[in-house]
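S.K.: First, the structure itself, so that you have it in front of you.
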Amino acid sequence: MLEENETTFEEFYLQLEAKLKGVVPHIEIKYKAELAWKINKLKKDKNAVILGHNYMEPALYHSITDYVGDSLELSREAAKTENDIIVFCGVKFMAETAKILNPEKTVLLPSEKAGCSLAESITAADVRNLKKKFPGVPVVTYVNTYADVKAESDICCTSGNAAAVVNSLQTDTVIFLPDEYLAKNVARETGKHIIFPSNKNGNGTDVDFQMIGWHGKCEVHEKFTVEDIENVRKQFPDVVILAHPECSPEVVEASDFSGSTSAMTKYVEETSLNRYLLLTECSMGDNIAAANRGKEMLRLCSVRCPHMNEITLEDTLKALELNQYVIEIPESIRVRAAIAVERMLTIG
Ligand code: SF4
């Protein structure tokens with residue numbers, strides 16, 4: 001990431017302009033560079049670290065973050081930071097994970113509106129009900145959930161390590177919550193038969209099953225369709241299509257590669273192909289395009305996550321100035337959630 005250390009504002013601006021050329025409208029770059037310059041100064045004065053998810057808008061992503069990555073990478077960074085303040089440029093469940101791992105540190109989320117359709121799809125009471133219905137079956141919970149849901153779980157996972165986490169349990173049966181599509185994709189990868197007991201058609205206790213899922217969906221990734229893929233392939237037959245595992249199994253099947261946001265980034269960096277299409281949040285396409293100038297990135301850019309979009313440079317500056325919005329988790333919940341998150345971190 002760009003540093004203001006030893007550089008003048010003019011140098012900082014020129015570096016940012018070179019990075020964002022063609023990705024961010026030129027007229028916005030100076031204004032955003034001024035905000036970023038102030039944020040970087042305040043960050044240093046307050047001994048803060050800024051973690052930025054891959055879905056942050058390109059100017060923020062390339063100007064103020066100390067670490068960028070997917071949920072798993074940022075959880076790891078959060079676990080080892082020595083700074084007093086963690087500013088999480090991502091959504092609420094991510095900032096909560098940082099707090100779960102760093103109870104003594106101040107964790108700030110720049111916008112109170114940065115939620116997530118997956119995290120909101122399930123409550124701790126829903127998990128308790130499932131555990132009653134399927135006693136003794138281990139609960140794997142995607143990190144895209146709130147702390148009280150994690151506290152009811154045996155282990156967490158991300159899209160990058162979901163299959164490895166399921167396999168690590170060495171049981172025939174798991175409860176996998178709350179993303180329906182990720183669960184179906186993991187079921188296929190691990191060879192398990194999945195049921196959804198929240199279906200009205202049956203409680204699922206009388207059928208053969210190995211994975212028990214839930215009907216949560218990512219409001220961004222559920223929008224991609226096989227038809228989108230067919231249309232792009234017609235126009236660009238040499239395109240290589242990368243899909244996030246929160247997309248439907250049909251979309252994943254019709255793509256050339258599926259992986260977490262970091263796995264997609266790595267794939268683009270390590271291959272030299274003519275064209276790529278990323279089926280994920282559109283700011284990530286912009287960020288990869290800015291970092292891989294020689295490679296053509298196609299984007300279906302009507303799909304911006306409204307929650308990630310709440311995090312702006314303006315709000316990040318305010319967060320540092322006013323020490324807002326502080327993430328708080330009751331200790332009885334935090335301790336139990338930490339067990340599930342730390343178990344995941346030992347798996348990789
Ligand atoms: S992209 Fe989907 S999973 Fe990620 S924060 Fe937005 S709604 Fe949640």
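Please note that chains go A, B, ... in the order of the structure tokens, that every chain numbers its residues from 1, and that ligands are numbered from 1 in the order shown.
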Give me, as CSV, the closest atom pair and its distance (Å, one decimal) for every residue of chain A within a cut-off of 8 Å of ligand 1, counting only C-alpha atoms and all ligand atoms, rows sorted by chain and rising number.
M.R.:
```
residue,atom,partner,partner_atom_place_in_ligand_line,distance
A:Tyr55,CA,ligand 1,1 (S),7.6
A:Gly90,CA,ligand 1,5 (S),7.7
A:Val91,CA,ligand 1,5 (S),6.0
A:Ala114,CA,ligand 1,5 (S),7.8
A:Gly115,CA,ligand 1,5 (S),6.6
A:Cys116,CA,ligand 1,8 (Fe),3.7
A:Ser117,CA,ligand 1,7 (S),4.7
A:Leu118,CA,ligand 1,8 (Fe),5.4
A:Ala119,CA,ligand 1,8 (Fe),6.9
A:Asn144,CA,ligand 1,3 (S),6.4
A:Lys217,CA,ligand 1,2 (Fe),7.6
A:Cys218,CA,ligand 1,2 (Fe),4.0
A:Glu219,CA,ligand 1,7 (S),5.0
A:Val220,CA,ligand 1,2 (Fe),5.1
A:His221,CA,ligand 1,2 (Fe),6.4
A:Glu246,CA,ligand 1,3 (S),7.6
A:Thr280,CA,ligand 1,1 (S),7.8
A:Glu281,CA,ligand 1,1 (S),6.1
A:Arg304,CA,ligand 1,1 (S),7.8
A:Cys305,CA,ligand 1,6 (Fe),4.6
A:Pro306,CA,ligand 1,6 (Fe),6.7
A:His307,CA,ligand 1,6 (Fe),5.6
A:Met308,CA,ligand 1,6 (Fe),6.0
```
S.K.: I need the chosen residues saved as a compact mmCIF listing (two decimals), in the first residue's frame, with N, CA and C atoms.
M.R.:
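Writing done, so here's again.txt:
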```
# COMPACT_ATOMS: atom_id res chain seq x y z
N TYR A 55 -13.33 -5.93 -1.08
CA TYR A 55 -14.47 -5.26 -1.71
C TYR A 55 -14.51 -3.76 -1.46
N GLY A 90 -14.62 -2.76 6.28
CA GLY A 90 -15.33 -3.96 5.83
C GLY A 90 -16.72 -3.87 6.44
N VAL A 91 -17.34 -5.00 6.74
CA VAL A 91 -18.69 -4.94 7.31
C VAL A 91 -18.67 -5.41 8.77
N ALA A 114 -23.07 -0.82 7.78
CA ALA A 114 -22.38 -1.86 7.00
C ALA A 114 -22.73 -3.24 7.55
N GLY A 115 -23.88 -3.77 7.13
CA GLY A 115 -24.33 -5.08 7.59
C GLY A 115 -23.98 -6.17 6.60
N CYS A 116 -24.86 -7.17 6.42
CA CYS A 116 -24.61 -8.25 5.46
C CYS A 116 -25.87 -9.12 5.41
N SER A 117 -26.35 -9.44 4.19
CA SER A 117 -27.58 -10.24 4.08
C SER A 117 -27.38 -11.64 4.65
N LEU A 118 -26.17 -12.18 4.56
CA LEU A 118 -25.94 -13.52 5.11
C LEU A 118 -25.97 -13.49 6.63
N ALA A 119 -25.26 -12.50 7.21
CA ALA A 119 -25.21 -12.42 8.68
C ALA A 119 -26.62 -12.22 9.25
N ASN A 144 -19.30 -15.11 7.99
CA ASN A 144 -20.26 -14.04 7.70
C ASN A 144 -21.49 -14.17 8.59
N LYS A 217 -28.51 -16.24 1.95
CA LYS A 217 -27.86 -15.99 0.65
C LYS A 217 -27.15 -14.65 0.67
N CYS A 218 -26.07 -14.57 -0.09
CA CYS A 218 -25.41 -13.28 -0.30
C CYS A 218 -26.18 -12.55 -1.39
N GLU A 219 -26.66 -11.37 -1.07
CA GLU A 219 -27.50 -10.64 -2.02
C GLU A 219 -26.73 -10.18 -3.25
N VAL A 220 -25.40 -10.24 -3.21
CA VAL A 220 -24.58 -9.89 -4.37
C VAL A 220 -24.38 -11.12 -5.26
N HIS A 221 -23.84 -12.18 -4.68
CA HIS A 221 -23.45 -13.34 -5.49
C HIS A 221 -24.65 -14.13 -6.03
N GLU A 246 -19.94 -18.26 -3.09
CA GLU A 246 -21.27 -17.83 -2.66
C GLU A 246 -22.23 -17.74 -3.85
N THR A 280 -18.01 -11.64 -8.91
CA THR A 280 -17.99 -11.24 -7.50
C THR A 280 -18.29 -9.76 -7.45
N GLU A 281 -18.19 -9.20 -6.28
CA GLU A 281 -18.49 -7.78 -6.05
C GLU A 281 -17.64 -6.91 -6.98
N ARG A 304 -22.83 -4.14 -6.89
CA ARG A 304 -22.02 -3.57 -5.83
C ARG A 304 -22.70 -3.92 -4.51
N CYS A 305 -21.92 -4.42 -3.54
CA CYS A 305 -22.53 -4.75 -2.24
C CYS A 305 -22.91 -3.45 -1.53
N PRO A 306 -24.21 -3.28 -1.22
CA PRO A 306 -24.63 -2.01 -0.59
C PRO A 306 -24.02 -1.82 0.79
N HIS A 307 -23.65 -2.92 1.45
CA HIS A 307 -23.08 -2.82 2.81
C HIS A 307 -21.62 -2.38 2.75
N MET A 308 -20.86 -3.01 1.87
CA MET A 308 -19.45 -2.61 1.70
C MET A 308 -19.38 -1.16 1.21
```
S.K.: What parts of segment 60-172 of chain A does DSSP call strand (DSSP E)? I'd like the answer as a ChimeraX atom specification.
M.R.: /A:67-69,85-89,106-108,139-142,155-157
S.K.: Given only C-alpha atoms as the basis, pick out the residue of A:Leu278, A:Val137, A:Glu6, A:Ile194 nearest to Phe257 of chain A.
M.R.: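 Among A:Leu278, A:Val137, A:Glu6, A:Ile194, it is A:Leu278 that comes nearest to Phe257 of chain A.
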S.K.: When you look at Asp45 of chain A with a cut-off of 12 Å (counting only C-alpha atoms), what residues show up, excluding the ones that are within fewer than 6 positions of it in the same chain? I need them as a PDB file with N, CA and C atoms, in the first residue's frame.
M.R.:
```pdb
ATOM      1  N   LYS A  38      -4.916  12.807   5.155  1.00  0.00           N
ATOM      2  CA  LYS A  38      -5.317  13.134   6.538  1.00  0.00           C
ATOM      3  C   LYS A  38      -5.488  11.854   7.359  1.00  0.00           C
ATOM      4  N   ILE A  39      -6.122  10.850   6.743  1.00  0.00           N
ATOM      5  CA  ILE A  39      -6.352   9.577   7.462  1.00  0.00           C
ATOM      6  C   ILE A  39      -5.014   8.943   7.840  1.00  0.00           C
ATOM      7  N   ASN A  83      -1.156  -2.840  17.241  1.00  0.00           N
ATOM      8  CA  ASN A  83      -1.640  -1.457  17.332  1.00  0.00           C
ATOM      9  C   ASN A  83      -2.749  -1.346  18.381  1.00  0.00           C
ATOM     10  N   ASP A  84      -2.967  -0.112  18.883  1.00  0.00           N
ATOM     11  CA  ASP A  84      -3.996   0.082  19.919  1.00  0.00           C
ATOM     12  C   ASP A  84      -5.404   0.073  19.327  1.00  0.00           C
ATOM     13  N   ILE A  85      -5.506   0.560  18.090  1.00  0.00           N
ATOM     14  CA  ILE A  85      -6.826   0.685  17.465  1.00  0.00           C
ATOM     15  C   ILE A  85      -6.830  -0.082  16.142  1.00  0.00           C
ATOM     16  N   LEU A 320     -11.768   7.827  12.850  1.00  0.00           N
ATOM     17  CA  LEU A 320     -10.527   8.077  13.585  1.00  0.00           C
ATOM     18  C   LEU A 320     -10.619   9.368  14.403  1.00  0.00           C
ATOM     19  N   GLU A 321     -11.264  10.385  13.862  1.00  0.00           N
ATOM     20  CA  GLU A 321     -11.376  11.665  14.581  1.00  0.00           C
ATOM     21  C   GLU A 321     -12.252  11.535  15.825  1.00  0.00           C
TER      22      GLU A 321
END
```
S.K.: What is the atom CA of Pro58 of chain A to atom CA of Thr97 of chain A distance in Å?
M.R.: 23.5 Å
S.K.: Mind checking which residues fall within 8 Å of segment 262-264 of chain A, counting only C-alpha atoms, ignoring those fewer than 4 positions away in the same chain, and posting them as a list in words?
M.R.: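 Surrounding residues, per the criterion: Asn54, Gly69, Asp70, Gly160, Leu242, Ser258, Val268 and Leu278 of chain A.
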S.K.: Only N, CA and C atoms, please: the residues just picked out, written as a JSON list (two decimals), in the first residue's frame.
M.R.:
```json
[["chain", "number", "residue", "atom", "x", "y", "z"],
["A", 54, "ASN", "N", -11.21, -6.91, 0.42],
["A", 54, "ASN", "CA", -11.04, -6.83, -1.04],
["A", 54, "ASN", "C", -12.18, -6.09, -1.74],
["A", 69, "GLY", "N", -7.31, -8.00, 2.07],
["A", 69, "GLY", "CA", -7.48, -9.44, 1.86],
["A", 69, "GLY", "C", -8.91, -9.85, 2.03],
["A", 70, "ASP", "N", -9.10, -11.18, 2.12],
["A", 70, "ASP", "CA", -10.44, -11.70, 2.37],
["A", 70, "ASP", "C", -10.64, -11.85, 3.88],
["A", 160, "GLY", "N", -12.66, -19.59, 1.78],
["A", 160, "GLY", "CA", -11.34, -20.12, 1.41],
["A", 160, "GLY", "C", -11.01, -21.45, 2.06],
["A", 242, "LEU", "N", -14.05, -16.67, -13.33],
["A", 242, "LEU", "CA", -13.78, -17.00, -11.93],
["A", 242, "LEU", "C", -15.02, -16.66, -11.10],
["A", 258, "SER", "N", -13.27, -21.59, -9.15],
["A", 258, "SER", "CA", -14.04, -21.01, -8.05],
["A", 258, "SER", "C", -13.15, -20.92, -6.82],
["A", 268, "VAL", "N", -5.40, -14.67, -10.83],
["A", 268, "VAL", "CA", -5.13, -13.66, -11.87],
["A", 268, "VAL", "C", -3.64, -13.30, -11.87],
["A", 278, "LEU", "N", -14.61, -11.76, -13.50],
["A", 278, "LEU", "CA", -14.77, -12.09, -12.08],
["A", 278, "LEU", "C", -16.24, -12.02, -11.71]]
```
S.K.: Using only C-alpha atoms, find the one residue out of A:Leu300, A:Ala289, A:Glu270, A:Asp256 that sits nearest to Asp228 of chain A.
M.R.: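 Between A:Leu300, A:Ala289, A:Glu270, A:Asp256, the residue approaching Asp228 of chain A most closely is A:Leu300.
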S.K.: Tell me, as a VMD selection string, which residues lie within 12 Å of Leu277 of chain A, counting only C-alpha atoms; anything in the same chain fewer than 2 positions away does not count.
M.R.: chain A and resid 224 228 to 229 231 to 233 236 to 244 255 to 258 264 to 265 267 to 268 273 to 275 279 to 282 284 to 286 288 to 289 295 to 301
